[in-house]
file my_file.cif (mmCIF, C-alpha atoms)
data_start
#
loop_
_atom_site.group_PDB
_atom_site.id
_atom_site.type_symbol
_atom_site.label_atom_id
_atom_site.label_comp_id
_atom_site.auth_asym_id
_atom_site.auth_seq_id
_atom_site.Cartn_x
_atom_site.Cartn_y
_atom_site.Cartn_z
ATOM 1 C CA MET A 20 -5.494 27.590 -32.112
ATOM 2 C CA LYS A 21 -3.386 29.031 -34.960
ATOM 3 C CA ASN A 22 -2.667 32.199 -32.995
ATOM 4 C CA TRP A 23 -1.505 30.091 -30.018
ATOM 5 C CA VAL A 24 0.910 28.089 -32.170
ATOM 6 C CA VAL A 25 2.355 31.242 -33.754
ATOM 7 C CA PHE A 26 2.814 32.761 -30.304
ATOM 8 C CA VAL A 27 4.678 29.742 -28.963
ATOM 9 C CA LEU A 28 6.955 29.517 -31.982
ATOM 10 C CA GLY A 29 7.611 33.237 -31.792
ATOM 11 C CA ALA A 30 8.536 32.923 -28.137
ATOM 12 C CA LEU A 31 10.942 30.112 -28.916
ATOM 13 C CA PHE A 32 12.708 31.946 -31.698
ATOM 14 C CA ALA A 33 12.831 35.142 -29.642
ATOM 15 C CA ALA A 34 14.712 33.420 -26.793
ATOM 16 C CA PRO A 35 18.355 34.502 -26.454
ATOM 17 C CA LEU A 36 20.987 32.008 -27.472
ATOM 18 C CA GLY A 37 22.285 31.775 -23.913
ATOM 19 C CA ALA A 38 18.889 31.005 -22.315
ATOM 20 C CA ALA A 39 18.848 28.278 -19.655
ATOM 21 C CA LEU A 40 17.721 24.824 -20.681
ATOM 22 C CA PRO A 41 14.628 23.255 -19.034
ATOM 23 C CA GLY A 42 15.566 21.722 -15.687
ATOM 24 C CA ALA A 43 18.300 24.229 -14.919
ATOM 25 C CA LEU A 44 18.583 27.716 -13.453
ATOM 26 C CA ALA A 45 19.876 30.679 -15.465
ATOM 27 C CA ASP A 46 23.429 29.997 -14.289
ATOM 28 C CA GLY A 47 23.172 26.338 -15.314
ATOM 29 C CA THR A 48 22.646 25.005 -11.777
ATOM 30 C CA PRO A 49 20.353 21.933 -11.902
ATOM 31 C CA LEU A 50 16.946 22.353 -10.341
ATOM 32 C CA PRO A 51 16.177 20.305 -7.209
ATOM 33 C CA SER A 52 14.599 16.973 -8.105
ATOM 34 C CA LEU A 53 13.493 13.782 -6.372
ATOM 35 C CA ALA A 54 14.296 11.772 -9.495
ATOM 36 C CA PRO A 55 17.729 10.464 -8.341
ATOM 37 C CA VAL A 56 16.266 9.126 -5.087
ATOM 38 C CA LEU A 57 13.229 7.643 -6.781
ATOM 39 C CA GLU A 58 15.321 5.911 -9.431
ATOM 40 C CA SER A 59 16.980 3.876 -6.680
ATOM 41 C CA VAL A 60 13.841 3.347 -4.579
ATOM 42 C CA THR A 61 10.935 2.607 -6.936
ATOM 43 C CA PRO A 62 12.265 -0.830 -8.039
ATOM 44 C CA ALA A 63 11.654 -1.985 -4.440
ATOM 45 C CA VAL A 64 7.947 -1.073 -4.510
ATOM 46 C CA VAL A 65 5.678 -3.648 -6.145
ATOM 47 C CA ASN A 66 2.090 -3.963 -7.309
ATOM 48 C CA ILE A 67 -0.009 -6.726 -5.757
ATOM 49 C CA ALA A 68 -3.019 -8.352 -7.403
ATOM 50 C CA THR A 69 -5.164 -10.801 -5.445
ATOM 51 C CA GLU A 70 -7.870 -13.262 -6.377
ATOM 52 C CA THR A 71 -10.333 -14.697 -3.868
ATOM 53 C CA ASP A 72 -12.872 -17.473 -4.389
ATOM 54 C CA VAL A 73 -16.251 -16.284 -3.111
ATOM 55 C CA THR A 74 -19.410 -18.313 -2.709
ATOM 56 C CA VAL A 75 -22.517 -16.354 -3.650
ATOM 57 C CA SER A 76 -26.158 -17.243 -3.155
ATOM 58 C CA ASN A 77 -29.130 -15.856 -5.089
ATOM 59 C CA PRO A 78 -32.412 -15.798 -3.099
ATOM 60 C CA LEU A 79 -34.280 -17.001 -6.193
ATOM 61 C CA LEU A 80 -32.124 -20.111 -6.275
ATOM 62 C CA GLN A 81 -33.329 -21.129 -2.800
ATOM 63 C CA ASP A 82 -36.572 -22.266 -4.406
ATOM 64 C CA PRO A 83 -36.178 -25.966 -5.393
ATOM 65 C CA PHE A 84 -38.654 -25.558 -8.277
ATOM 66 C CA PHE A 85 -36.690 -22.591 -9.649
ATOM 67 C CA ARG A 86 -33.399 -24.489 -9.403
ATOM 68 C CA ARG A 87 -34.869 -27.573 -11.070
ATOM 69 C CA PHE A 88 -36.475 -25.512 -13.829
ATOM 70 C CA PHE A 89 -33.262 -23.677 -14.671
ATOM 71 C CA ASP A 90 -30.952 -26.541 -13.707
ATOM 72 C CA VAL A 91 -28.564 -24.374 -11.651
ATOM 73 C CA PRO A 92 -27.038 -24.939 -8.182
ATOM 74 C CA ALA A 93 -28.250 -22.993 -5.137
ATOM 75 C CA ARG A 94 -24.741 -21.588 -4.593
ATOM 76 C CA GLN A 95 -22.251 -20.440 -7.159
ATOM 77 C CA GLN A 96 -18.571 -19.604 -7.095
ATOM 78 C CA ARG A 97 -17.109 -16.380 -8.384
ATOM 79 C CA LYS A 98 -13.691 -14.754 -8.190
ATOM 80 C CA ALA A 99 -13.197 -11.417 -6.439
ATOM 81 C CA ARG A 100 -10.160 -9.418 -7.527
ATOM 82 C CA SER A 101 -8.410 -6.482 -5.867
ATOM 83 C CA ALA A 102 -5.149 -4.581 -6.125
ATOM 84 C CA GLY A 103 -2.697 -3.079 -3.680
ATOM 85 C CA SER A 104 0.981 -2.368 -3.138
ATOM 86 C CA GLY A 105 3.939 -3.846 -1.302
ATOM 87 C CA VAL A 106 7.568 -3.175 -0.376
ATOM 88 C CA ILE A 107 10.497 -5.544 -0.887
ATOM 89 C CA ILE A 108 12.385 -5.667 2.417
ATOM 90 C CA ASP A 109 14.720 -8.584 1.574
ATOM 91 C CA GLY A 110 15.676 -8.960 -2.074
ATOM 92 C CA GLU A 111 17.665 -12.179 -1.685
ATOM 93 C CA ALA A 112 14.873 -14.000 0.172
ATOM 94 C CA GLY A 113 12.137 -12.332 -1.895
ATOM 95 C CA LEU A 114 10.220 -10.965 1.107
ATOM 96 C CA VAL A 115 7.501 -8.360 0.540
ATOM 97 C CA LEU A 116 5.781 -6.377 3.299
ATOM 98 C CA THR A 117 2.226 -5.188 2.710
ATOM 99 C CA ASN A 118 -1.074 -4.636 4.520
ATOM 100 C CA HIS A 119 -3.106 -7.508 5.913
ATOM 101 C CA HIS A 120 -6.271 -6.129 4.343
ATOM 102 C CA VAL A 121 -4.632 -6.351 0.901
ATOM 103 C CA VAL A 122 -3.862 -10.094 1.029
ATOM 104 C CA GLY A 123 -5.542 -11.428 4.179
ATOM 105 C CA GLN A 124 -8.363 -13.312 2.439
ATOM 106 C CA ALA A 125 -6.668 -13.917 -0.912
ATOM 107 C CA ASP A 126 -6.498 -17.402 -2.398
ATOM 108 C CA ARG A 127 -3.981 -16.369 -5.057
ATOM 109 C CA ILE A 128 -1.451 -13.531 -4.934
ATOM 110 C CA THR A 129 0.490 -12.141 -7.885
ATOM 111 C CA VAL A 130 3.277 -9.607 -7.431
ATOM 112 C CA THR A 131 4.332 -7.385 -10.325
ATOM 113 C CA LEU A 132 7.813 -5.892 -10.089
ATOM 114 C CA ALA A 133 8.755 -2.473 -11.414
ATOM 115 C CA SER A 134 10.428 -4.284 -14.336
ATOM 116 C CA GLY A 135 7.074 -5.797 -15.311
ATOM 117 C CA ALA A 136 7.966 -9.334 -14.200
ATOM 118 C CA GLN A 137 5.106 -11.168 -12.481
ATOM 119 C CA LEU A 138 5.656 -13.700 -9.702
ATOM 120 C CA SER A 139 3.285 -15.692 -7.546
ATOM 121 C CA ALA A 140 3.586 -15.204 -3.799
ATOM 122 C CA LYS A 141 2.395 -16.833 -0.599
ATOM 123 C CA ARG A 142 1.707 -15.448 2.868
ATOM 124 C CA LEU A 143 4.384 -16.207 5.424
ATOM 125 C CA GLY A 144 2.332 -14.577 8.148
ATOM 126 C CA SER A 145 -0.182 -11.872 8.865
ATOM 127 C CA ASP A 146 -1.201 -9.607 11.738
ATOM 128 C CA PRO A 147 -4.729 -8.171 11.438
ATOM 129 C CA GLN A 148 -4.321 -6.107 14.622
ATOM 130 C CA VAL A 149 -1.617 -3.935 13.087
ATOM 131 C CA ASP A 150 -2.709 -4.619 9.494
ATOM 132 C CA LEU A 151 0.572 -6.009 8.195
ATOM 133 C CA ALA A 152 1.368 -9.149 6.219
ATOM 134 C CA LEU A 153 4.613 -10.687 4.981
ATOM 135 C CA LEU A 154 4.789 -12.392 1.581
ATOM 136 C CA ALA A 155 7.405 -14.689 0.074
ATOM 137 C CA LEU A 156 7.920 -14.596 -3.685
ATOM 138 C CA ASP A 157 8.161 -17.858 -5.616
ATOM 139 C CA ARG A 158 11.803 -18.956 -5.253
ATOM 140 C CA ALA A 159 11.996 -20.763 -8.585
ATOM 141 C CA ALA A 160 10.823 -17.695 -10.491
ATOM 142 C CA LEU A 161 13.026 -15.481 -8.342
ATOM 143 C CA ALA A 162 16.116 -17.431 -9.364
ATOM 144 C CA THR A 163 15.568 -16.465 -13.014
ATOM 145 C CA LEU A 164 15.637 -12.723 -12.286
ATOM 146 C CA PRO A 165 18.418 -10.249 -11.501
ATOM 147 C CA PRO A 166 18.876 -9.480 -7.773
ATOM 148 C CA LEU A 167 15.935 -7.549 -6.376
ATOM 149 C CA LYS A 168 16.261 -4.096 -4.861
ATOM 150 C CA ALA A 169 15.142 -3.898 -1.214
ATOM 151 C CA LEU A 170 14.325 -0.847 0.907
ATOM 152 C CA GLN A 171 16.124 -0.212 4.154
ATOM 153 C CA PHE A 172 14.070 0.707 7.213
ATOM 154 C CA GLY A 173 14.564 4.266 8.407
ATOM 155 C CA ASP A 174 14.138 5.589 11.944
ATOM 156 C CA SER A 175 10.501 6.677 12.065
ATOM 157 C CA ARG A 176 11.012 7.768 15.686
ATOM 158 C CA ALA A 177 13.233 10.604 14.443
ATOM 159 C CA LEU A 178 10.532 12.043 12.165
ATOM 160 C CA ARG A 179 9.249 15.535 12.851
ATOM 161 C CA VAL A 180 6.117 17.312 11.715
ATOM 162 C CA GLY A 181 7.078 19.176 8.561
ATOM 163 C CA ASP A 182 9.591 16.610 7.269
ATOM 164 C CA PHE A 183 9.243 15.916 3.546
ATOM 165 C CA VAL A 184 8.098 12.426 2.568
ATOM 166 C CA VAL A 185 7.184 10.576 -0.638
ATOM 167 C CA ALA A 186 4.433 7.955 -1.030
ATOM 168 C CA ILE A 187 4.868 5.236 -3.656
ATOM 169 C CA GLY A 188 2.170 2.740 -4.587
ATOM 170 C CA ASN A 189 -0.395 1.470 -7.064
ATOM 171 C CA PRO A 190 -3.487 3.695 -6.684
ATOM 172 C CA PHE A 191 -6.659 2.368 -8.315
ATOM 173 C CA GLY A 192 -4.565 -0.370 -9.931
ATOM 174 C CA ILE A 193 -3.281 1.991 -12.646
ATOM 175 C CA GLY A 194 0.400 1.278 -11.984
ATOM 176 C CA GLN A 195 3.217 2.639 -9.877
ATOM 177 C CA THR A 196 2.644 6.257 -8.870
ATOM 178 C CA VAL A 197 4.673 8.714 -6.787
ATOM 179 C CA THR A 198 3.254 11.569 -4.684
ATOM 180 C CA SER A 199 4.990 13.895 -2.251
ATOM 181 C CA GLY A 200 4.084 15.866 0.850
ATOM 182 C CA ILE A 201 5.079 16.396 4.450
ATOM 183 C CA ILE A 202 4.554 14.747 7.802
ATOM 184 C CA SER A 203 1.324 16.333 9.056
ATOM 185 C CA ALA A 204 1.160 14.662 12.478
ATOM 186 C CA LEU A 205 2.685 11.818 14.474
ATOM 187 C CA GLY A 206 1.261 9.241 16.869
ATOM 188 C CA ARG A 207 -2.290 9.358 15.524
ATOM 189 C CA SER A 208 -4.532 6.899 17.377
ATOM 190 C CA GLY A 209 -8.167 6.425 18.348
ATOM 191 C CA LEU A 210 -9.209 6.403 14.681
ATOM 192 C CA GLY A 211 -10.901 3.011 14.849
ATOM 193 C CA ILE A 212 -8.940 1.753 11.831
ATOM 194 C CA GLU A 213 -6.888 -1.004 13.465
ATOM 195 C CA GLY A 214 -6.481 -2.638 16.857
ATOM 196 C CA PHE A 215 -3.084 -1.031 17.480
ATOM 197 C CA GLU A 216 -2.720 2.502 16.163
ATOM 198 C CA ASP A 217 0.302 4.807 16.142
ATOM 199 C CA PHE A 218 -0.028 6.291 12.680
ATOM 200 C CA ILE A 219 2.083 8.773 10.787
ATOM 201 C CA GLN A 220 -0.245 11.302 9.150
ATOM 202 C CA THR A 221 0.789 12.809 5.815
ATOM 203 C CA ASP A 222 -0.690 15.037 3.137
ATOM 204 C CA ALA A 223 1.076 13.108 0.356
ATOM 205 C CA SER A 224 -1.781 11.859 -1.830
ATOM 206 C CA ILE A 225 -2.770 8.316 -0.840
ATOM 207 C CA ASN A 226 -5.660 6.633 -2.634
ATOM 208 C CA PRO A 227 -7.249 3.163 -2.762
ATOM 209 C CA GLY A 228 -4.596 0.784 -4.059
ATOM 210 C CA ASN A 229 -1.769 2.617 -2.283
ATOM 211 C CA SER A 230 -2.292 0.326 0.704
ATOM 212 C CA GLY A 231 0.905 -1.546 1.531
ATOM 213 C CA GLY A 232 3.086 0.876 -0.407
ATOM 214 C CA ALA A 233 6.116 2.789 0.819
ATOM 215 C CA LEU A 234 6.380 6.085 2.617
ATOM 216 C CA ILE A 235 10.010 7.191 2.281
ATOM 217 C CA ASP A 236 12.106 10.107 3.458
ATOM 218 C CA LEU A 237 14.302 12.165 1.132
ATOM 219 C CA ALA A 238 17.214 9.794 1.742
ATOM 220 C CA GLY A 239 15.185 6.934 0.255
ATOM 221 C CA ARG A 240 14.671 5.101 3.550
ATOM 222 C CA LEU A 241 11.403 3.374 4.404
ATOM 223 C CA VAL A 242 9.748 5.311 7.232
ATOM 224 C CA GLY A 243 6.195 3.950 6.928
ATOM 225 C CA ILE A 244 3.779 1.561 5.239
ATOM 226 C CA ASN A 245 0.841 3.417 3.700
ATOM 227 C CA THR A 246 -2.340 1.989 5.147
ATOM 228 C CA ALA A 247 -5.444 4.180 5.206
ATOM 229 C CA ILE A 248 -6.978 7.467 4.154
ATOM 230 C CA PHE A 249 -9.550 9.799 5.625
ATOM 231 C CA ALA A 250 -12.044 10.131 2.784
ATOM 232 C CA PRO A 251 -15.524 11.300 3.828
ATOM 233 C CA ASN A 252 -16.528 11.686 0.179
ATOM 234 C CA GLY A 253 -14.587 8.717 -1.151
ATOM 235 C CA GLY A 254 -11.641 10.697 -2.519
ATOM 236 C CA ASN A 255 -8.262 11.937 -1.360
ATOM 237 C CA VAL A 256 -8.491 14.989 0.925
ATOM 238 C CA GLY A 257 -4.839 15.161 1.930
ATOM 239 C CA ILE A 258 -5.128 13.068 5.092
ATOM 240 C CA GLY A 259 -3.363 9.741 4.805
ATOM 241 C CA PHE A 260 -2.019 7.362 7.436
ATOM 242 C CA ALA A 261 1.023 5.098 7.482
ATOM 243 C CA ILE A 262 2.274 2.489 9.930
ATOM 244 C CA PRO A 263 5.632 3.708 11.343
ATOM 245 C CA ALA A 264 8.711 1.811 10.207
ATOM 246 C CA ALA A 265 9.699 1.130 13.832
ATOM 247 C CA MET A 266 6.498 -0.879 14.303
ATOM 248 C CA ALA A 267 6.536 -2.423 10.829
ATOM 249 C CA GLU A 268 10.110 -3.687 11.204
ATOM 250 C CA ARG A 269 9.327 -5.469 14.502
ATOM 251 C CA ILE A 270 6.182 -7.060 13.097
ATOM 252 C CA ALA A 271 7.959 -8.151 9.898
ATOM 253 C CA GLN A 272 10.733 -9.811 11.874
ATOM 254 C CA ALA A 273 8.250 -11.694 14.071
ATOM 255 C CA LEU A 274 6.225 -12.840 11.050
ATOM 256 C CA ARG A 275 9.397 -14.007 9.356
ATOM 257 C CA GLU A 276 10.463 -16.057 12.362
ATOM 258 C CA ASP A 277 7.133 -17.372 13.618
ATOM 259 C CA GLY A 278 4.458 -16.602 11.044
ATOM 260 C CA GLN A 279 2.296 -14.895 13.658
ATOM 261 C CA ILE A 280 2.331 -12.332 16.447
ATOM 262 C CA ARG A 281 2.024 -13.638 19.998
ATOM 263 C CA ARG A 282 0.635 -11.130 22.458
ATOM 264 C CA ALA A 283 0.043 -11.446 26.187
ATOM 265 C CA ASP A 284 -3.465 -11.237 27.642
ATOM 266 C CA LEU A 285 -3.661 -9.571 31.043
ATOM 267 C CA GLY A 286 -7.295 -10.554 31.573
ATOM 268 C CA LEU A 287 -8.278 -7.014 32.487
ATOM 269 C CA ASP A 288 -11.470 -5.188 31.584
ATOM 270 C CA VAL A 289 -11.057 -1.408 31.553
ATOM 271 C CA HIS A 290 -13.885 1.006 32.327
ATOM 272 C CA PRO A 291 -13.963 4.808 32.653
ATOM 273 C CA LEU A 292 -13.912 5.946 36.270
ATOM 274 C CA ASP A 293 -17.212 7.767 36.790
ATOM 275 C CA ALA A 294 -18.823 9.039 40.014
ATOM 276 C CA ASP A 295 -20.902 5.889 40.601
ATOM 277 C CA LEU A 296 -17.931 3.559 40.177
ATOM 278 C CA ALA A 297 -15.779 5.790 42.400
#
call {"tool": "encode", "arguments": {"input": "my_file.cif", "output": "structure tokens"}}
result
Amino acid sequence: MKNWVVFVLGALFAAPLGAALPGALADGTPLPSLAPVLESVTPAVVNIATETDVTVSNPLLQDPFFRRFFDVPARQQRKARSAGSGVIIDGEAGLVLTNHHVVGQADRITVTLASGAQLSAKRLGSDPQVDLALLALDRAALATLPPLKALQFGDSRALRVGDFVVAIGNPFGIGQTVTSGIISALGRSGLGIEGFEDFIQTDASINPGNSGGALIDLAGRLVGINTAIFAPNGGNVGIGFAIPAAMAERIAQALREDGQIRRADLGLDVHPLDADLA
């Protein structure tokens, strides 16, 4: 350990007076960084904590003698808690877009802003088929805060495989985290994740808790809502999926206006055309 310290100090003192500072090239040119974009974008990504009342039943408590002996009810209530992420899409109205599976069954929803402020929220509407939900922050609490930053929707239809993207969310409930990668594939479907699938695939690290967070391009525009990961062993393997902004924007608008998504039913039953049916 002592030798390592002496080496480092020696290296520092041996550096020429004109050496480049950290974060800059030898000629003083700043190194490329995502920091300027993220400084303007991250305030629009929030952490979401939910609490759900769950009724649990213990098989032992089904025995009347056991219940009478211990004087406990057959069913008991407990609170289930989970965490996720969300994106502010209208700062003035306090509207937050997230995944349905993050808040769909929640009895209480708390949104934590990047500033640390905590606000209660309610569901304005939800669409399980696409896995999106729209929240409204408490207006009274909102009035006491500075104007909220909102993300603008980008054109996800213009994305190409290889484009750089950044994922922002709250993995494992540890707090806001940023990861970067590229677009790995477009139009992913047939995954059995949701009813309607047209996913953006990315290798930006997405983990449990990132659900509902933002996938942005290098201009800071929202191009997707992070939704799912492919994790055969329970961890991140560089295959994450996001709902395209083009779809998310349409669903958000419908939820804002009507609180639900109305879809037509053609009454058709589709079967593969095999030799017998032909």
call {"tool": "residues_around", "arguments": {"input": "my_file.cif", "residues": "Leu143 (chain A)", "least_positions_apart": "4", "cutoff": "9 Å", "atoms": "all atoms listed in the file", "output": "PDB file with C-alpha atoms, in the frame of the given file"}}
result
ATOM      1  CA  LEU A 114      10.220 -10.965   1.107  1.00  0.00           C
ATOM      2  CA  ALA A 152       1.368  -9.149   6.219  1.00  0.00           C
ATOM      3  CA  LEU A 153       4.613 -10.687   4.981  1.00  0.00           C
ATOM      4  CA  LEU A 154       4.789 -12.392   1.581  1.00  0.00           C
ATOM      5  CA  ALA A 155       7.405 -14.689   0.074  1.00  0.00           C
ATOM      6  CA  LEU A 274       6.225 -12.840  11.050  1.00  0.00           C
ATOM      7  CA  ARG A 275       9.397 -14.007   9.356  1.00  0.00           C
ATOM      8  CA  ASP A 277       7.133 -17.372  13.618  1.00  0.00           C
ATOM      9  CA  GLY A 278       4.458 -16.602  11.044  1.00  0.00           C
ATOM     10  CA  GLN A 279       2.296 -14.895  13.658  1.00  0.00           C
TER      11      GLN A 279
END
call {"tool": "resolve_selection", "arguments": {"input": "my_file.cif", "expression": "the PyMOL selection byres ((chain A and resi 248) around 6)", "output": "PyMOL selection string"}}
result
chain A and resi 247+249-250+258-260
call {"tool": "resolve_selection", "arguments": {"input": "my_file.cif", "expression": "the PyMOL selection byres ((chain A and resi 71) around 8)", "output": "PyMOL selection string"}}
result
chain A and resi 69-70+72-73+98-100+124-127
call {"tool": "residues_around", "arguments": {"input": "my_file.cif", "residues": "Asn118 (chain A)", "least_positions_apart": "4", "cutoff": "12 Å", "atoms": "all atoms listed in the file", "output": "JSON, numbers by chain"}}
result
{"A": [67, 102, 103, 104, 105, 106, 122, 123, 124, 142, 144, 145, 146, 147, 148, 149, 150, 151, 152, 153, 154, 213, 228, 229, 230, 231, 232, 233, 243, 244, 245, 246, 247, 261, 262, 267, 270, 271]}
call {"tool": "closest_residue", "arguments": {"input": "my_file.cif", "among": "A:Leu132, A:Asn66, A:Leu241, A:His120", "to": "Gly188 (chain A)", "atoms": "only C-alpha atoms"}}
result
A:Asn66
call {"tool": "atom_distance", "arguments": {"input": "my_file.cif", "atom1": "CA of Gly194 (chain A)", "atom2": "CA of Thr163 (chain A)"}}
result
23.4 Å
call {"tool": "closest_residue", "arguments": {"input": "my_file.cif", "among": "A:Gly211, A:Ala68, A:Ala140, A:Leu53", "to": "Thr198 (chain A)", "atoms": "all atoms listed in the file"}}
result
A:Leu53
call {"tool": "resolve_selection", "arguments": {"input": "my_file.cif", "expression": "the PyMOL selection byres ((chain A and resi 161) around 10)", "output": "compact mmCIF listing (two decimals) with C-alpha atoms, in the coordinates of the input"}}
result
# COMPACT_ATOMS: atom_id res chain seq x y z
CA GLY A 110 15.68 -8.96 -2.07
CA GLU A 111 17.66 -12.18 -1.68
CA ALA A 112 14.87 -14.00 0.17
CA GLY A 113 12.14 -12.33 -1.90
CA ALA A 136 7.97 -9.33 -14.20
CA GLN A 137 5.11 -11.17 -12.48
CA LEU A 138 5.66 -13.70 -9.70
CA SER A 139 3.28 -15.69 -7.55
CA LEU A 156 7.92 -14.60 -3.68
CA ASP A 157 8.16 -17.86 -5.62
CA ARG A 158 11.80 -18.96 -5.25
CA ALA A 159 12.00 -20.76 -8.59
CA ALA A 160 10.82 -17.70 -10.49
CA ALA A 162 16.12 -17.43 -9.36
CA THR A 163 15.57 -16.46 -13.01
CA LEU A 164 15.64 -12.72 -12.29
CA PRO A 165 18.42 -10.25 -11.50
CA PRO A 166 18.88 -9.48 -7.77
CA LEU A 167 15.94 -7.55 -6.38
call {"tool": "closest_residue", "arguments": {"input": "my_file.cif", "among": "A:Ala133, A:Ile107, A:Ala265, A:Ala63", "to": "Gln195 (chain A)", "atoms": "all atoms listed in the file"}}
result
A:Ala133
call {"tool": "residues_around", "arguments": {"input": "my_file.cif", "residues": "Gly239 (chain A)", "least_positions_apart": "3", "cutoff": "7 Å", "atoms": "all atoms listed in the file", "output": "JSON, numbers by chain"}}
result
{"A": [56, 60, 235, 236]}
call {"tool": "atom_distance", "arguments": {"input": "my_file.cif", "atom1": "CA of Glu58 (chain A)", "atom2": "CA of Val197 (chain A)"}}
result
11.3 Å
call {"tool": "atom_distance", "arguments": {"input": "my_file.cif", "atom1": "CA of Val64 (chain A)", "atom2": "CA of Leu178 (chain A)"}}
result
21.4 Å
call {"tool": "decode", "arguments": {"input": "my_file.cif", "residues": "region 232-278 of chain A", "atoms": "C-alpha atoms", "output": "PDB file, in the first residue's frame"}}
result
ATOM      1  CA  GLY A 232     -38.483   5.370 -16.811  1.00  0.00           C
ATOM      2  CA  ALA A 233     -37.257   7.323 -19.814  1.00  0.00           C
ATOM      3  CA  LEU A 234     -35.337   6.208 -22.854  1.00  0.00           C
ATOM      4  CA  ILE A 235     -33.959   9.376 -24.460  1.00  0.00           C
ATOM      5  CA  ASP A 236     -31.914  10.229 -27.523  1.00  0.00           C
ATOM      6  CA  LEU A 237     -28.805  12.417 -27.406  1.00  0.00           C
ATOM      7  CA  ALA A 238     -30.938  15.522 -27.934  1.00  0.00           C
ATOM      8  CA  GLY A 239     -32.770  14.807 -24.673  1.00  0.00           C
ATOM      9  CA  ARG A 240     -36.063  13.830 -26.312  1.00  0.00           C
ATOM     10  CA  LEU A 241     -38.212  11.002 -24.982  1.00  0.00           C
ATOM     11  CA  VAL A 242     -38.121   8.159 -27.510  1.00  0.00           C
ATOM     12  CA  GLY A 243     -39.384   5.315 -25.302  1.00  0.00           C
ATOM     13  CA  ILE A 244     -40.738   4.184 -21.943  1.00  0.00           C
ATOM     14  CA  ASN A 245     -38.572   1.456 -20.422  1.00  0.00           C
ATOM     15  CA  THR A 246     -40.763  -1.542 -19.738  1.00  0.00           C
ATOM     16  CA  ALA A 247     -39.140  -4.974 -19.596  1.00  0.00           C
ATOM     17  CA  ILE A 248     -35.897  -6.910 -19.646  1.00  0.00           C
ATOM     18  CA  PHE A 249     -34.838 -10.302 -20.910  1.00  0.00           C
ATOM     19  CA  ALA A 250     -33.278 -11.853 -17.818  1.00  0.00           C
ATOM     20  CA  PRO A 251     -33.061 -15.664 -17.867  1.00  0.00           C
ATOM     21  CA  ASN A 252     -30.934 -15.618 -14.713  1.00  0.00           C
ATOM     22  CA  GLY A 253     -32.656 -12.691 -13.037  1.00  0.00           C
ATOM     23  CA  GLY A 254     -30.050 -10.072 -13.944  1.00  0.00           C
ATOM     24  CA  ASN A 255     -29.340  -7.607 -16.723  1.00  0.00           C
ATOM     25  CA  VAL A 256     -27.913  -9.258 -19.858  1.00  0.00           C
ATOM     26  CA  GLY A 257     -28.019  -6.227 -22.134  1.00  0.00           C
ATOM     27  CA  ILE A 258     -31.450  -6.892 -23.634  1.00  0.00           C
ATOM     28  CA  GLY A 259     -34.026  -4.341 -22.571  1.00  0.00           C
ATOM     29  CA  PHE A 260     -37.312  -3.270 -24.133  1.00  0.00           C
ATOM     30  CA  ALA A 261     -39.056   0.092 -24.304  1.00  0.00           C
ATOM     31  CA  ILE A 262     -42.453   1.188 -25.579  1.00  0.00           C
ATOM     32  CA  PRO A 263     -41.893   3.564 -28.545  1.00  0.00           C
ATOM     33  CA  ALA A 264     -42.714   7.215 -27.940  1.00  0.00           C
ATOM     34  CA  ALA A 265     -45.082   7.237 -30.936  1.00  0.00           C
ATOM     35  CA  MET A 266     -47.272   4.653 -29.195  1.00  0.00           C
ATOM     36  CA  ALA A 267     -46.812   6.094 -25.707  1.00  0.00           C
ATOM     37  CA  GLU A 268     -47.830   9.600 -26.796  1.00  0.00           C
ATOM     38  CA  ARG A 269     -51.100   8.362 -28.359  1.00  0.00           C
ATOM     39  CA  ILE A 270     -51.969   6.273 -25.312  1.00  0.00           C
ATOM     40  CA  ALA A 271     -51.138   9.124 -22.911  1.00  0.00           C
ATOM     41  CA  GLN A 272     -53.372  11.523 -24.811  1.00  0.00           C
ATOM     42  CA  ALA A 273     -56.286   9.064 -24.793  1.00  0.00           C
ATOM     43  CA  LEU A 274     -55.865   8.371 -21.067  1.00  0.00           C
ATOM     44  CA  ARG A 275     -55.771  12.086 -20.377  1.00  0.00           C
ATOM     45  CA  GLU A 276     -58.988  12.706 -22.285  1.00  0.00           C
ATOM     46  CA  ASP A 277     -60.995   9.599 -21.442  1.00  0.00           C
ATOM     47  CA  GLY A 278     -59.210   7.691 -18.694  1.00  0.00           C
TER      48      GLY A 278
END
